[in-house]
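Down below is the structure, laid out as structure tokens.
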Amino acid sequence: METIAYLPGYLSPPSGFAALAEKMDGYRAVHLDPAPTTAEQLAAWREELPAGAHLVASFEAGLAAVRLAAEKEARSIVWFSPYARVDAALVARLRALEWALEAGGREGFVRVAAPIFFGSLMLDRGGELIEAWGSRLRAEGLAAWAGALAEAGDQRKWLRTLKNIPVMAVVGSEDVFTPMRYAHDVTEWIPDLHGILVTLEGAGHFSFWENPREAVSLARGFIERYREFLEGPAEWRDEEPEEAPPLRFEPEAPK
């Protein structure tokens, strides 16, 4: 049985990737605990990450996943809301979040963060979910996360180490925190064109939580047929229906 290791970014919902993993039957699941900085993630996950696994990561945790992938001979990487370069625009958003945290504590952070992190469906219908997500955050961890990320700089060189490890970058169509160009940055640096970029409609930065049905479909399709992608663009995704189904709003409640 193949293994999928789930590496959650620090701001992931409390349940992490549990809802997604439950739908990925047929695979052994390894869930790693979140940490606020890449340095802490690397230190904790290097011992816990099994060799030869598929990696599913979100947000800044993808930076650790990329650096560990070659060491652990990972089979593939699915990276939700990816970014490998923290430029001036992203630093400005992080500084705004730091200011909100200093001025208003956790509540201030959540108030400013919600329209930056979440798409229109979650903002319109998921107020209770956003409140539950925010209630689990801790000021100390948020400060460490924002400070370390603002100093991360350009990490794209690590993408060059992904020889024969295909990567699917998944970005929400309404992601304000790290819009599409950050995902393009990632896929363009993957060796031998082994990177592919897809979008999740109606979702923001928390795409796998906001649009879980499509997130599962994309992740499963890529992981099941990752070998084909090493030989060139693969028909790993089912043919699109003539009419796209209406968007569903059914994120899992935090556990």
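Following the order of the structure tokens, chains are lettered A, B, ..., residues in each are numbered from 1, and ligands are numbered from 1.
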What are the DSSP alpha helix (DSSP H) residues of stretch 45-253 of chain A, as a PyMOL selection string?
chain A and resi 45-48+61-69+88-117+120-125+127-135+139-150+180-189+207-210+212-224+226-230
Could you pull the residues within 8 Å of stretch 5-15 of chain A, counting only C-alpha atoms, minus those fewer than 5 positions along the same chain, as a PyMOL selection string?
chain A and resi 29-37+49-50+53-62+65+133+136-137+145+206+209+254-255
Please return as number ranges by chain: the residues of stretch 173-233 of chain A that backbone DSSP assigns to strand (DSSP E).
A: 195-200
Find, counting only C-alpha atoms, the residue in A:His205, A:Arg95, A:Arg106, A:Lys72 that gets nearest to A:Ala139.
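The answer is A:Arg106, which sits nearest to A:Ala139.
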Can you tell me which residues surround stretch 116-125 of chain A at a distance of at most 9 Å, considering only C-alpha atoms, apart from same-chain residues fewer than 6 positions away, and format the answer as a list in words?
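Answer for this query is Arg93, Gly172, Ser173, Glu174, Asp175, Val176, Phe177, Thr178, Gly202, Ala203, Gly204, His205, Phe206, Ser207, Glu210, Phe249 and Pro251 of chain A.
For the atom pair formed by atom CA of A:Pro166 and atom CA of A:Gly195, the distance is 5.8 Å, given to one decimal.
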Students should find that atom CA of A:Ile165 and atom CA of A:Ala150 are spaced 27.7 Å
Rank nothing, just name the residue among A:His194, A:Arg156, A:Arg227, A:Arg111 nearest to A:Val86, using only C-alpha atoms.
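Among the listed residues, the smallest separation from A:Val86 belongs to A:Arg156.
Distance check against A:Leu63 using only C-alpha atoms: of A:Gly26, A:Gly108, A:Pro82, A:Pro179, the minimum falls on A:Pro82.
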List the neighbours of A:Lys157 out to 10 Å using only C-alpha atoms; skip same-chain residues closer than 2 positions along the sequence, and give me the result as a list of chain:residue names.
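That gives A:Arg67, A:Ala84, A:Arg85, A:Asp154, A:Gln155, A:Leu159, A:Arg160, A:Thr161, A:Trp189, A:Ile190.
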Kindly indicate which residue among A:Leu149, A:Phe109, A:Pro191, A:Ile4 lies nearest to A:Lys163, using only C-alpha atoms for the distances.
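Counting only C-alpha atoms, the residue closest to A:Lys163 is A:Pro191.
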Counting only C-alpha atoms, closest pick from A:Ala92, A:Asp87, A:Thr38, A:Ile77 relative to A:Ile196 is A:Ile77
For A:Arg46, the nearest of the candidates A:Met180, A:Lys23, A:Glu71, A:Glu250, counting only C-alpha atoms
A:Glu71
